[in-house]
>>> print(open('work.cif').read())   # mmCIF, C-alpha atoms
data_structure
loop_
_atom_site.group_PDB
_atom_site.id
_atom_site.type_symbol
_atom_site.label_atom_id
_atom_site.label_comp_id
_atom_site.auth_asym_id
_atom_site.auth_seq_id
_atom_site.Cartn_x
_atom_site.Cartn_y
_atom_site.Cartn_z
ATOM 1 C CA MET A 1 0.000 0.000 0.000
ATOM 2 C CA ALA A 2 1.111 3.606 -0.553
ATOM 3 C CA THR A 3 1.926 6.133 2.141
ATOM 4 C CA ILE A 4 0.356 9.553 2.484
ATOM 5 C CA GLY A 5 2.552 12.573 3.216
ATOM 6 C CA ILE A 6 1.168 15.792 4.677
ATOM 7 C CA ILE A 7 3.073 19.092 4.589
ATOM 8 C CA SER A 8 1.467 22.118 6.173
ATOM 9 C CA HIS A 9 2.344 25.606 7.360
ATOM 10 C CA SER A 10 1.244 24.473 10.803
ATOM 11 C CA ASN A 11 2.349 21.346 12.606
ATOM 12 C CA ASP A 12 -1.016 21.298 14.368
ATOM 13 C CA ILE A 13 -2.770 21.123 11.001
ATOM 14 C CA ALA A 14 -0.410 18.354 9.845
ATOM 15 C CA GLN A 15 -0.983 16.309 13.009
ATOM 16 C CA GLY A 16 -4.722 17.028 12.898
ATOM 17 C CA VAL A 17 -5.050 15.733 9.346
ATOM 18 C CA LYS A 18 -2.995 12.653 10.314
ATOM 19 C CA ALA A 19 -5.306 11.950 13.270
ATOM 20 C CA LEU A 20 -8.364 12.331 11.057
ATOM 21 C CA LEU A 21 -7.008 9.967 8.407
ATOM 22 C CA GLU A 22 -5.884 7.389 10.921
ATOM 23 C CA GLN A 23 -9.308 7.216 12.484
ATOM 24 C CA MET A 24 -10.991 6.604 9.137
ATOM 25 C CA SER A 25 -8.360 4.376 7.565
ATOM 26 C CA PRO A 26 -5.962 3.011 10.222
ATOM 27 C CA SER A 27 -4.213 0.713 7.769
ATOM 28 C CA VAL A 28 -2.712 3.618 5.801
ATOM 29 C CA THR A 29 0.635 5.065 6.899
ATOM 30 C CA VAL A 30 0.504 8.840 7.226
ATOM 31 C CA ILE A 31 3.668 10.916 7.677
ATOM 32 C CA ALA A 32 2.821 14.483 8.596
ATOM 33 C CA LYS A 33 4.935 17.503 9.452
ATOM 34 C CA GLY A 34 4.506 21.233 9.383
ATOM 35 C CA GLY A 35 5.870 24.573 10.444
ATOM 36 C CA THR A 36 9.296 26.159 10.238
ATOM 37 C CA ASN A 37 12.533 24.751 11.649
ATOM 38 C CA GLU A 38 11.904 26.833 14.768
ATOM 39 C CA GLY A 39 8.392 25.439 15.211
ATOM 40 C CA GLY A 40 6.598 28.561 13.983
ATOM 41 C CA ILE A 41 4.016 28.937 11.236
ATOM 42 C CA GLY A 42 5.614 28.519 7.820
ATOM 43 C CA THR A 43 7.359 25.871 5.786
ATOM 44 C CA SER A 44 10.862 24.774 5.063
ATOM 45 C CA ILE A 45 12.426 22.403 2.590
ATOM 46 C CA ASP A 46 13.910 20.637 5.627
ATOM 47 C CA THR A 47 10.400 19.774 6.836
ATOM 48 C CA VAL A 48 9.542 18.290 3.448
ATOM 49 C CA ASN A 49 12.800 16.340 3.365
ATOM 50 C CA GLU A 50 12.088 14.903 6.815
ATOM 51 C CA VAL A 51 8.735 13.643 5.568
ATOM 52 C CA ILE A 52 10.302 12.152 2.439
ATOM 53 C CA ASN A 53 13.147 10.533 4.377
ATOM 54 C CA GLU A 54 10.644 8.633 6.515
ATOM 55 C CA MET A 55 8.913 7.178 3.459
ATOM 56 C CA GLU A 56 9.371 3.457 2.930
ATOM 57 C CA GLU A 57 6.984 3.054 0.022
ATOM 58 C CA ASP A 58 5.559 5.101 -2.856
ATOM 59 C CA ALA A 59 3.624 8.078 -1.629
ATOM 60 C CA MET A 60 1.054 10.751 -2.374
ATOM 61 C CA LEU A 61 2.044 14.098 -0.931
ATOM 62 C CA PHE A 62 -0.440 16.779 0.061
ATOM 63 C CA TYR A 63 0.344 20.405 0.921
ATOM 64 C CA ASP A 64 -1.513 23.545 1.920
ATOM 65 C CA ILE A 65 -0.979 27.127 0.770
ATOM 66 C CA GLY A 66 1.857 28.910 -1.052
ATOM 67 C CA SER A 67 5.341 28.051 0.040
ATOM 68 C CA SER A 68 4.536 24.485 1.104
ATOM 69 C CA GLU A 69 3.900 23.678 -2.560
ATOM 70 C CA MET A 70 7.111 25.411 -3.642
ATOM 71 C CA ASN A 71 9.161 23.639 -0.995
ATOM 72 C CA LEU A 72 7.542 20.320 -1.886
ATOM 73 C CA GLU A 73 8.266 20.794 -5.601
ATOM 74 C CA MET A 74 11.843 21.721 -4.833
ATOM 75 C CA ALA A 75 12.337 18.701 -2.567
ATOM 76 C CA LEU A 76 10.887 16.397 -5.245
ATOM 77 C CA ASP A 77 13.195 17.927 -7.868
ATOM 78 C CA LEU A 78 16.169 17.226 -5.633
ATOM 79 C CA TYR A 79 15.014 13.734 -4.532
ATOM 80 C CA GLU A 80 17.437 11.035 -5.590
ATOM 81 C CA GLY A 81 15.814 7.952 -4.084
ATOM 82 C CA THR A 82 13.939 5.175 -5.805
ATOM 83 C CA LEU A 83 10.392 5.669 -4.530
ATOM 84 C CA GLN A 84 7.636 7.122 -6.692
ATOM 85 C CA LEU A 85 6.540 10.309 -4.955
ATOM 86 C CA TYR A 86 3.575 12.267 -6.268
ATOM 87 C CA LYS A 87 2.557 15.818 -5.404
ATOM 88 C CA VAL A 88 -1.228 15.851 -5.415
ATOM 89 C CA ASP A 89 -3.118 19.103 -5.955
ATOM 90 C CA ALA A 90 -6.207 19.024 -3.753
ATOM 91 C CA PRO A 91 -7.489 20.585 -0.534
ATOM 92 C CA ILE A 92 -5.192 19.152 2.126
ATOM 93 C CA VAL A 93 -7.901 17.780 4.434
ATOM 94 C CA GLU A 94 -10.451 16.565 1.919
ATOM 95 C CA GLY A 95 -7.874 15.389 -0.616
ATOM 96 C CA ALA A 96 -5.791 13.405 1.852
ATOM 97 C CA PHE A 97 -8.946 11.999 3.415
ATOM 98 C CA LEU A 98 -10.272 10.756 0.089
ATOM 99 C CA ALA A 99 -6.852 9.343 -0.802
ATOM 100 C CA SER A 100 -6.520 7.422 2.441
ATOM 101 C CA VAL A 101 -9.996 5.933 2.120
ATOM 102 C CA SER A 102 -9.251 4.932 -1.489
ATOM 103 C CA LEU A 103 -5.983 3.273 -0.483
ATOM 104 C CA SER A 104 -7.591 1.484 2.457
ATOM 105 C CA THR A 105 -10.223 -0.029 0.152
ATOM 106 C CA GLY A 106 -7.488 -1.561 -1.983
ATOM 107 C CA ALA A 107 -6.952 1.088 -4.663
ATOM 108 C CA THR A 108 -3.486 1.354 -6.174
ATOM 109 C CA ILE A 109 -1.651 4.652 -5.796
ATOM 110 C CA GLU A 110 -2.481 5.526 -9.408
ATOM 111 C CA GLU A 111 -6.168 4.800 -8.820
ATOM 112 C CA ALA A 112 -6.159 6.824 -5.612
ATOM 113 C CA ILE A 113 -4.541 9.809 -7.358
ATOM 114 C CA LYS A 114 -7.109 9.560 -10.153
ATOM 115 C CA SER A 115 -10.015 9.550 -7.739
ATOM 116 C CA VAL A 116 -8.652 12.608 -5.932
ATOM 117 C CA GLU A 117 -8.042 14.456 -9.205
ATOM 118 C CA LYS A 118 -11.539 13.573 -10.412
ATOM 119 C CA GLU A 119 -13.078 14.947 -7.230
ATOM 120 C CA PHE A 120 -11.111 18.179 -6.954
ATOM 121 C CA SER A 121 -9.997 19.235 -10.439
ATOM 122 C CA MET B 1 32.934 42.068 -7.976
ATOM 123 C CA ASN B 2 34.899 39.062 -6.793
ATOM 124 C CA ALA B 3 33.704 36.293 -4.491
ATOM 125 C CA GLU B 4 35.015 37.972 -1.359
ATOM 126 C CA LEU B 5 33.138 41.198 -2.048
ATOM 127 C CA LEU B 6 29.976 39.282 -2.990
ATOM 128 C CA LEU B 7 30.155 37.378 0.302
ATOM 129 C CA GLN B 8 30.627 40.647 2.153
ATOM 130 C CA ASN B 9 27.648 42.263 0.378
ATOM 131 C CA LEU B 10 25.383 39.295 1.041
ATOM 132 C CA LYS B 11 26.350 39.139 4.715
ATOM 133 C CA ALA B 12 25.744 42.889 4.995
ATOM 134 C CA LEU B 13 22.112 42.249 4.029
ATOM 135 C CA LYS B 14 21.632 41.182 7.642
ATOM 136 C CA ASP B 15 22.080 44.849 8.645
ATOM 137 C CA THR B 16 19.841 46.018 5.796
ATOM 138 C CA PHE B 17 17.053 43.672 6.850
ATOM 139 C CA GLU B 18 17.495 44.677 10.474
ATOM 140 C CA GLN B 19 16.884 48.275 9.412
ATOM 141 C CA GLU B 20 14.038 47.429 7.033
ATOM 142 C CA GLU B 21 12.316 44.717 9.072
ATOM 143 C CA GLN B 22 9.556 46.992 10.326
ATOM 144 C CA ASN B 23 8.999 48.547 6.924
ATOM 145 C CA LEU B 24 8.723 45.151 5.172
ATOM 146 C CA THR B 25 6.497 43.804 7.908
ATOM 147 C CA GLN B 26 4.280 46.853 7.559
ATOM 148 C CA LEU B 27 3.996 46.348 3.783
ATOM 149 C CA ASP B 28 3.240 42.662 4.291
ATOM 150 C CA ARG B 29 0.688 43.359 7.005
ATOM 151 C CA VAL B 30 -1.469 45.301 4.550
ATOM 152 C CA ILE B 31 -1.525 42.708 1.764
ATOM 153 C CA GLY B 32 -0.106 39.537 3.292
ATOM 154 C CA ASP B 33 0.437 37.878 6.616
ATOM 155 C CA GLY B 34 2.919 40.351 8.069
ATOM 156 C CA ASP B 35 5.921 38.066 8.362
ATOM 157 C CA HIS B 36 8.089 39.087 5.409
ATOM 158 C CA GLY B 37 10.386 41.350 7.433
ATOM 159 C CA VAL B 38 10.923 38.742 10.132
ATOM 160 C CA ASN B 39 11.437 36.002 7.549
ATOM 161 C CA MET B 40 14.016 37.909 5.522
ATOM 162 C CA LEU B 41 15.900 38.941 8.618
ATOM 163 C CA ARG B 42 15.972 35.343 9.864
ATOM 164 C CA GLY B 43 17.260 34.237 6.443
ATOM 165 C CA PHE B 44 20.064 36.763 6.229
ATOM 166 C CA LYS B 45 21.062 36.317 9.866
ATOM 167 C CA ALA B 46 21.636 32.690 8.890
ATOM 168 C CA VAL B 47 23.524 33.834 5.778
ATOM 169 C CA ASP B 48 25.757 35.993 7.967
ATOM 170 C CA GLU B 49 26.466 33.077 10.297
ATOM 171 C CA LYS B 50 26.773 30.171 7.891
ATOM 172 C CA VAL B 51 27.659 31.162 4.348
ATOM 173 C CA SER B 52 31.180 30.611 3.094
ATOM 174 C CA GLY B 53 32.947 30.059 -0.194
ATOM 175 C CA THR B 54 35.917 31.207 -2.198
ATOM 176 C CA THR B 55 34.320 31.356 -5.648
ATOM 177 C CA ILE B 56 31.261 33.260 -6.873
ATOM 178 C CA SER B 57 29.551 29.937 -7.475
ATOM 179 C CA GLU B 58 30.279 28.597 -3.975
ATOM 180 C CA VAL B 59 29.063 31.779 -2.300
ATOM 181 C CA LEU B 60 25.823 31.815 -4.313
ATOM 182 C CA LYS B 61 25.129 28.123 -3.698
ATOM 183 C CA SER B 62 25.836 28.345 0.011
ATOM 184 C CA THR B 63 23.570 31.413 0.264
ATOM 185 C CA GLY B 64 20.787 29.608 -1.603
ATOM 186 C CA MET B 65 20.895 26.493 0.567
ATOM 187 C CA THR B 66 20.924 28.629 3.713
ATOM 188 C CA LEU B 67 17.949 30.739 2.583
ATOM 189 C CA MET B 68 15.951 27.645 1.622
ATOM 190 C CA SER B 69 16.217 26.252 5.130
ATOM 191 C CA SER B 70 15.872 29.384 7.148
ATOM 192 C CA VAL B 71 13.466 31.911 5.619
ATOM 193 C CA GLY B 72 10.185 30.123 6.311
ATOM 194 C CA GLY B 73 7.785 31.873 3.923
ATOM 195 C CA ALA B 74 7.396 31.665 0.141
ATOM 196 C CA SER B 75 10.503 33.834 -0.159
ATOM 197 C CA GLY B 76 12.558 30.908 1.172
ATOM 198 C CA PRO B 77 12.141 28.610 -1.805
ATOM 199 C CA LEU B 78 12.022 31.542 -4.245
ATOM 200 C CA TYR B 79 15.229 33.239 -3.110
ATOM 201 C CA GLY B 80 16.901 29.960 -2.117
ATOM 202 C CA PHE B 81 16.280 28.150 -5.391
ATOM 203 C CA SER B 82 17.286 31.265 -7.363
ATOM 204 C CA PHE B 83 20.650 31.613 -5.641
ATOM 205 C CA VAL B 84 21.327 27.930 -6.246
ATOM 206 C CA LYS B 85 20.455 28.404 -9.935
ATOM 207 C CA MET B 86 22.656 31.506 -10.152
ATOM 208 C CA ALA B 87 25.528 29.411 -8.819
ATOM 209 C CA GLY B 88 25.360 27.596 -12.147
ATOM 210 C CA VAL B 89 26.601 30.708 -13.970
ATOM 211 C CA ASP B 90 30.272 29.881 -14.231
ATOM 212 C CA GLU B 91 32.153 33.173 -13.870
ATOM 213 C CA ASP B 92 35.131 34.230 -11.737
ATOM 214 C CA GLU B 93 33.658 37.657 -11.040
ATOM 215 C CA ILE B 94 30.387 39.483 -11.498
ATOM 216 C CA THR B 95 31.017 42.243 -14.047
ATOM 217 C CA SER B 96 28.888 44.751 -15.946
ATOM 218 C CA ASP B 97 29.251 42.427 -18.947
ATOM 219 C CA ASN B 98 27.958 39.277 -17.278
ATOM 220 C CA LEU B 99 25.610 40.730 -14.634
ATOM 221 C CA LYS B 100 22.661 40.142 -16.959
ATOM 222 C CA SER B 101 23.412 36.389 -17.036
ATOM 223 C CA PHE B 102 23.075 36.244 -13.249
ATOM 224 C CA ILE B 103 19.923 38.392 -13.201
ATOM 225 C CA ASP B 104 18.369 36.322 -15.992
ATOM 226 C CA GLU B 105 19.105 33.096 -14.139
ATOM 227 C CA PHE B 106 17.512 34.642 -11.041
ATOM 228 C CA LYS B 107 14.510 35.793 -13.076
ATOM 229 C CA ASN B 108 13.981 32.410 -14.744
ATOM 230 C CA ALA B 109 14.287 30.588 -11.421
ATOM 231 C CA VAL B 110 11.607 32.761 -9.806
ATOM 232 C CA ALA B 111 9.380 32.323 -12.871
ATOM 233 C CA THR B 112 9.737 28.524 -12.690
ATOM 234 C CA ARG B 113 9.290 28.177 -8.950
ATOM 235 C CA GLY B 114 6.668 30.894 -8.508
ATOM 236 C CA LYS B 115 4.792 30.232 -11.775
ATOM 237 C CA VAL B 116 4.751 33.945 -12.607
ATOM 238 C CA THR B 117 5.019 35.822 -15.889
ATOM 239 C CA GLY B 118 5.093 39.464 -14.758
ATOM 240 C CA GLY B 119 2.513 42.074 -13.799
ATOM 241 C CA GLU B 120 1.198 39.969 -10.896
ATOM 242 C CA LYS B 121 2.601 42.316 -8.235
ATOM 243 C CA THR B 122 5.444 40.119 -7.051
ATOM 244 C CA MET B 123 9.219 40.182 -6.640
ATOM 245 C CA TYR B 124 9.370 38.953 -10.230
ATOM 246 C CA ASP B 125 8.301 42.354 -11.588
ATOM 247 C CA VAL B 126 11.534 43.905 -10.282
ATOM 248 C CA LEU B 127 13.623 41.125 -11.835
ATOM 249 C CA LEU B 128 11.880 41.412 -15.182
ATOM 250 C CA LYS B 129 12.446 45.163 -15.327
ATOM 251 C CA ALA B 130 16.042 44.844 -14.106
ATOM 252 C CA SER B 131 16.775 42.387 -16.892
ATOM 253 C CA LYS B 132 15.217 44.666 -19.536
ATOM 254 C CA HIS B 133 17.127 47.631 -18.120
ATOM 255 C CA LEU B 134 20.435 45.778 -18.481
ATOM 256 C CA GLU B 135 19.485 44.673 -21.962
ATOM 257 C CA GLU B 136 19.146 48.338 -22.882
ATOM 258 C CA GLY B 137 22.686 48.861 -21.655
ATOM 259 C CA GLN B 138 21.728 50.878 -18.589
ATOM 260 C CA PRO B 139 23.323 50.409 -15.170
ATOM 261 C CA LEU B 140 21.310 48.971 -12.278
ATOM 262 C CA THR B 141 21.372 51.486 -9.471
ATOM 263 C CA ASN B 142 19.569 51.374 -6.168
ATOM 264 C CA GLU B 143 17.314 54.218 -7.370
ATOM 265 C CA VAL B 144 16.340 52.338 -10.507
ATOM 266 C CA LEU B 145 15.615 49.177 -8.522
ATOM 267 C CA GLN B 146 13.539 51.142 -6.022
ATOM 268 C CA GLN B 147 11.566 52.672 -8.867
ATOM 269 C CA PHE B 148 10.788 49.160 -10.188
ATOM 270 C CA ALA B 149 9.511 48.161 -6.743
ATOM 271 C CA ASP B 150 7.481 51.381 -6.449
ATOM 272 C CA GLU B 151 5.784 50.524 -9.740
ATOM 273 C CA THR B 152 4.206 47.432 -8.157
ATOM 274 C CA LYS B 153 2.100 49.840 -6.089
ATOM 275 C CA GLU B 154 -0.457 50.367 -8.844
ATOM 276 C CA LEU B 155 -0.855 46.676 -9.679
ATOM 277 C CA GLU B 156 -3.554 44.373 -8.400
ATOM 278 C CA ALA B 157 -2.015 41.204 -7.028
ATOM 279 C CA THR B 158 -2.928 38.011 -8.855
ATOM 280 C CA LYS B 159 -0.253 35.707 -7.367
ATOM 281 C CA GLY B 160 0.908 34.921 -3.886
ATOM 282 C CA ARG B 161 -0.769 35.680 -0.589
ATOM 283 C CA ALA B 162 -1.576 39.258 -1.667
ATOM 284 C CA ALA B 163 -3.876 37.903 -4.389
ATOM 285 C CA TYR B 164 -6.411 37.005 -1.707
ATOM 286 C CA PHE B 165 -6.754 40.734 -1.030
ATOM 287 C CA LYS B 166 -7.765 41.423 -4.653
ATOM 288 C CA LYS B 167 -8.434 45.175 -5.267
ATOM 289 C CA ASP B 168 -7.337 46.039 -1.728
ATOM 290 C CA SER B 169 -3.790 45.136 -2.771
ATOM 291 C CA VAL B 170 -3.654 48.222 -5.041
ATOM 292 C CA GLY B 171 -1.825 51.205 -3.582
ATOM 293 C CA HIS B 172 0.828 49.222 -1.690
ATOM 294 C CA ILE B 173 4.301 48.188 -2.758
ATOM 295 C CA ASP B 174 4.651 44.413 -2.860
ATOM 296 C CA PRO B 175 6.871 43.366 0.075
ATOM 297 C CA GLY B 176 8.713 40.796 -2.055
ATOM 298 C CA ALA B 177 9.432 43.449 -4.682
ATOM 299 C CA GLN B 178 10.800 45.686 -1.927
ATOM 300 C CA SER B 179 13.093 43.003 -0.488
ATOM 301 C CA MET B 180 14.241 42.202 -4.040
ATOM 302 C CA VAL B 181 15.590 45.777 -4.275
ATOM 303 C CA TYR B 182 18.009 45.075 -1.421
ATOM 304 C CA VAL B 183 18.997 41.631 -2.673
ATOM 305 C CA LEU B 184 19.645 42.798 -6.247
ATOM 306 C CA ASN B 185 21.508 45.816 -4.963
ATOM 307 C CA ALA B 186 23.866 43.514 -3.057
ATOM 308 C CA ILE B 187 24.571 41.550 -6.231
ATOM 309 C CA SER B 188 24.963 44.529 -8.554
ATOM 310 C CA LYS B 189 26.209 47.558 -6.614
ATOM 311 C CA ASP B 190 29.954 46.903 -6.833
ATOM 312 C CA VAL B 191 29.869 45.670 -10.414
#
>>> encode(input="work.cif", output="structure tokens")
Amino acid sequence: MATIGIISHSNDIAQGVKALLEQMSPSVTVIAKGGTNEGGIGTSIDTVNEVINEMEEDAMLFYDIGSSEMNLEMALDLYEGTLQLYKVDAPIVEGAFLASVSLSTGATIEEAIKSVEKEFS
Amino acid sequence: MNAELLLQNLKALKDTFEQEEQNLTQLDRVIGDGDHGVNMLRGFKAVDEKVSGTTISEVLKSTGMTLMSSVGGASGPLYGFSFVKMAGVDEDEITSDNLKSFIDEFKNAVATRGKVTGGEKTMYDVLLKASKHLEEGQPLTNEVLQQFADETKELEATKGRAAYFKKDSVGHIDPGAQSMVYVLNAISKDV
């Protein structure tokens, strides 16, 4: 099964989305981090890299506003590992929620991405 | 400008952002989330502490990596990525002949990362005009750069956090455009 990554401006949002997903689909691994290196509101490429470094399988990555997308794109550009990592454009809560439910019902990562794109494009 | 002078100019931005922190924060409070001054100061404090290098390329790369990790807002990836891209311009010194290559690399990096094309009331507007200005054979002075930033005042923001403010963004200088004045000045003033 694929993992879900959550990158937010706020660590509370990241952990909140993780808690929500885990209640609905406990079988799906969710790696969530947010905030700046100092723990404030914001994002950093380091935060994204920490999420990616914890990944052990292919993953769908969700982000919230502005710089979290830029930092995520930059981290994916620089990623040299072997996993397939996908940035998914969708509202962070609803998108990740739909993705985790899809994965937990046996969808492949490609199918899960498609269902999210269909819902939110 | 050789690598040593570039390093000195970039480290001196810490003092500039200390002086301008309130001003940038004020600009960002009107059309953003009010953290641009704090973010830029945090970034260039880190540059002052951590950046090293003996070639132009090393100094630019080290600055970029430091900004990426330490700024915290959208300016982090935008400035960080751009400095890393500028490090790819292989020159021993920044001169009036090759300055445009650095500025163009900067401009293209911001366009790629920020998905901007100009006229959206962002830092990119200053870069675009700076590049055109150099193309016309005119020197980049602090006054010229400031004028480019001032010209963002009349624009309605369509990118970045300011875009959420729609028409209310008109009448204020974009904070990213203002910080770009200082950053470009550091790269071009001793050329």
>>> resolve_selection(input="work.cif", expression="the PyMOL selection byres ((chain A) within 7 of (chain B))", output="PyMOL selection string")
chain A and resi 36+42-46+66-67+70-71
>>> write_last_selection(input="work.cif", atoms="C-alpha atoms", output="mmCIF file, keeping the file's coordinate frame")
data_model
loop_
_atom_site.group_PDB
_atom_site.id
_atom_site.type_symbol
_atom_site.label_atom_id
_atom_site.label_comp_id
_atom_site.auth_asym_id
_atom_site.auth_seq_id
_atom_site.Cartn_x
_atom_site.Cartn_y
_atom_site.Cartn_z
ATOM 1 C CA THR A 36 9.296 26.159 10.238
ATOM 2 C CA GLY A 42 5.614 28.519 7.820
ATOM 3 C CA THR A 43 7.359 25.871 5.786
ATOM 4 C CA SER A 44 10.862 24.774 5.063
ATOM 5 C CA ILE A 45 12.426 22.403 2.590
ATOM 6 C CA ASP A 46 13.910 20.637 5.627
ATOM 7 C CA GLY A 66 1.857 28.910 -1.052
ATOM 8 C CA SER A 67 5.341 28.051 0.040
ATOM 9 C CA MET A 70 7.111 25.411 -3.642
ATOM 10 C CA ASN A 71 9.161 23.639 -0.995
#
>>> resolve_selection(input="work.cif", expression="the PyMOL selection byres ((chain B and resi 5) around 12)", output="ChimeraX atom specification")
/B:1-4,6-12,52-56,59,93-94,186-191
>>> residues_around(input="work.cif", residues="Ile92 (chain A)", least_positions_apart="3", cutoff="9 Å", atoms="all atoms listed in the file", output="VMD selection string")
chain A and resid 6 to 8 17 62 to 64 89 95 to 97
>>> resolve_selection(input="work.cif", expression="the PyMOL selection byres ((chain B and resi 170) around 7)", output="list in words")
Lys153, Glu154, Leu155, Glu156, Lys167, Asp168, Ser169, Gly171 and His172 of chain B
>>> axis_aligned_box(input="work.cif", around="region 120-126 of chain B", padding_each_side="4 Å", output="AutoDock Vina command-line options")
--center_x 6.4 --center_y 41.4 --center_z -9.1 --size_x 18.3 --size_y 13.0 --size_z 12.9
>>> atom_distance(input="work.cif", atom1="CA of Gly64 (chain B)", atom2="CA of Val47 (chain B)")
8.9 Å
>>> residues_around(input="work.cif", residues="region 176-180 of chain B", least_positions_apart="5", cutoff="9 Å", atoms="all atoms listed in the file", output="VMD selection string")
chain B and resid 17 20 24 27 to 28 36 to 37 40 75 121 to 127 145 to 146 148 to 150 152 185
>>> atom_distance(input="work.cif", atom1="CA of Asn53 (chain A)", atom2="CA of Ser68 (chain A)")
16.7 Å
>>> atom_distance(input="work.cif", atom1="CA of Ala162 (chain B)", atom2="CA of Ser10 (chain A)")
19.5 Å
>>> residues_around(input="work.cif", residues="Glu22 (chain A)", least_positions_apart="5", cutoff="10 Å", atoms="only C-alpha atoms", output="NGL selection string")
:A and (16-17 or 27-30 or 97 or 100-101)
>>> residues_around(input="work.cif", residues="Lys14 (chain B)", least_positions_apart="6", cutoff="9 Å", atoms="all atoms listed in the file", output="PDB file with C-alpha atoms, in the frame of the given file")
ATOM      1  CA  MET B  40      14.016  37.909   5.522  1.00  0.00           C
ATOM      2  CA  LEU B  41      15.900  38.941   8.618  1.00  0.00           C
ATOM      3  CA  ARG B  42      15.972  35.343   9.864  1.00  0.00           C
ATOM      4  CA  GLY B  43      17.260  34.237   6.443  1.00  0.00           C
ATOM      5  CA  PHE B  44      20.064  36.763   6.229  1.00  0.00           C
ATOM      6  CA  LYS B  45      21.062  36.317   9.866  1.00  0.00           C
ATOM      7  CA  ALA B  46      21.636  32.690   8.890  1.00  0.00           C
ATOM      8  CA  VAL B  47      23.524  33.834   5.778  1.00  0.00           C
ATOM      9  CA  ASP B  48      25.757  35.993   7.967  1.00  0.00           C
TER      10      ASP B  48
END
>>> build_atoms(input="work.cif", residues="region 8-12 of chain A", atoms="all heavy atoms", output="PDB file, keeping the file's coordinate frame")
ATOM      1  N   SER A   8       2.295  20.940   5.921  1.00  0.00           N
ATOM      2  CA  SER A   8       1.467  22.118   6.173  1.00  0.00           C
ATOM      3  C   SER A   8       2.298  23.266   6.732  1.00  0.00           C
ATOM      4  O   SER A   8       3.420  23.069   7.198  1.00  0.00           O
ATOM      5  CB  SER A   8       0.353  21.761   7.158  1.00  0.00           C
ATOM      6  OG  SER A   8      -0.297  22.927   7.608  1.00  0.00           O
ATOM      7  N   HIS A   9       1.726  24.453   6.715  1.00  0.00           N
ATOM      8  CA  HIS A   9       2.344  25.606   7.360  1.00  0.00           C
ATOM      9  C   HIS A   9       2.317  25.468   8.875  1.00  0.00           C
ATOM     10  O   HIS A   9       3.043  26.160   9.586  1.00  0.00           O
ATOM     11  CB  HIS A   9       1.598  26.889   6.991  1.00  0.00           C
ATOM     12  CG  HIS A   9       2.048  27.501   5.703  1.00  0.00           C
ATOM     13  ND1 HIS A   9       1.986  26.823   4.526  1.00  0.00           N
ATOM     14  CD2 HIS A   9       2.593  28.706   5.426  1.00  0.00           C
ATOM     15  CE1 HIS A   9       2.466  27.604   3.564  1.00  0.00           C
ATOM     16  NE2 HIS A   9       2.849  28.746   4.094  1.00  0.00           N
ATOM     17  N   SER A  10       1.428  24.608   9.359  1.00  0.00           N
ATOM     18  CA  SER A  10       1.244  24.473  10.803  1.00  0.00           C
ATOM     19  C   SER A  10       1.388  23.011  11.194  1.00  0.00           C
ATOM     20  O   SER A  10       0.745  22.137  10.593  1.00  0.00           O
ATOM     21  CB  SER A  10      -0.148  24.989  11.166  1.00  0.00           C
ATOM     22  OG  SER A  10      -0.638  24.330  12.302  1.00  0.00           O
ATOM     23  N   ASN A  11       2.214  22.734  12.174  1.00  0.00           N
ATOM     24  CA  ASN A  11       2.349  21.346  12.606  1.00  0.00           C
ATOM     25  C   ASN A  11       1.048  20.826  13.206  1.00  0.00           C
ATOM     26  O   ASN A  11       0.724  19.648  13.092  1.00  0.00           O
ATOM     27  CB  ASN A  11       3.512  21.198  13.598  1.00  0.00           C
ATOM     28  CG  ASN A  11       3.913  19.743  13.767  1.00  0.00           C
ATOM     29  OD1 ASN A  11       3.993  19.007  12.781  1.00  0.00           O
ATOM     30  ND2 ASN A  11       4.117  19.312  14.991  1.00  0.00           N
ATOM     31  N   ASP A  12       0.283  21.712  13.823  1.00  0.00           N
ATOM     32  CA  ASP A  12      -1.016  21.298  14.368  1.00  0.00           C
ATOM     33  C   ASP A  12      -1.952  20.831  13.259  1.00  0.00           C
ATOM     34  O   ASP A  12      -2.671  19.839  13.421  1.00  0.00           O
ATOM     35  CB  ASP A  12      -1.681  22.464  15.127  1.00  0.00           C
ATOM     36  CG  ASP A  12      -0.991  22.761  16.444  1.00  0.00           C
ATOM     37  OD1 ASP A  12      -0.248  21.879  16.937  1.00  0.00           O
ATOM     38  OD2 ASP A  12      -1.187  23.863  16.988  1.00  0.00           O
TER      39      ASP A  12
END
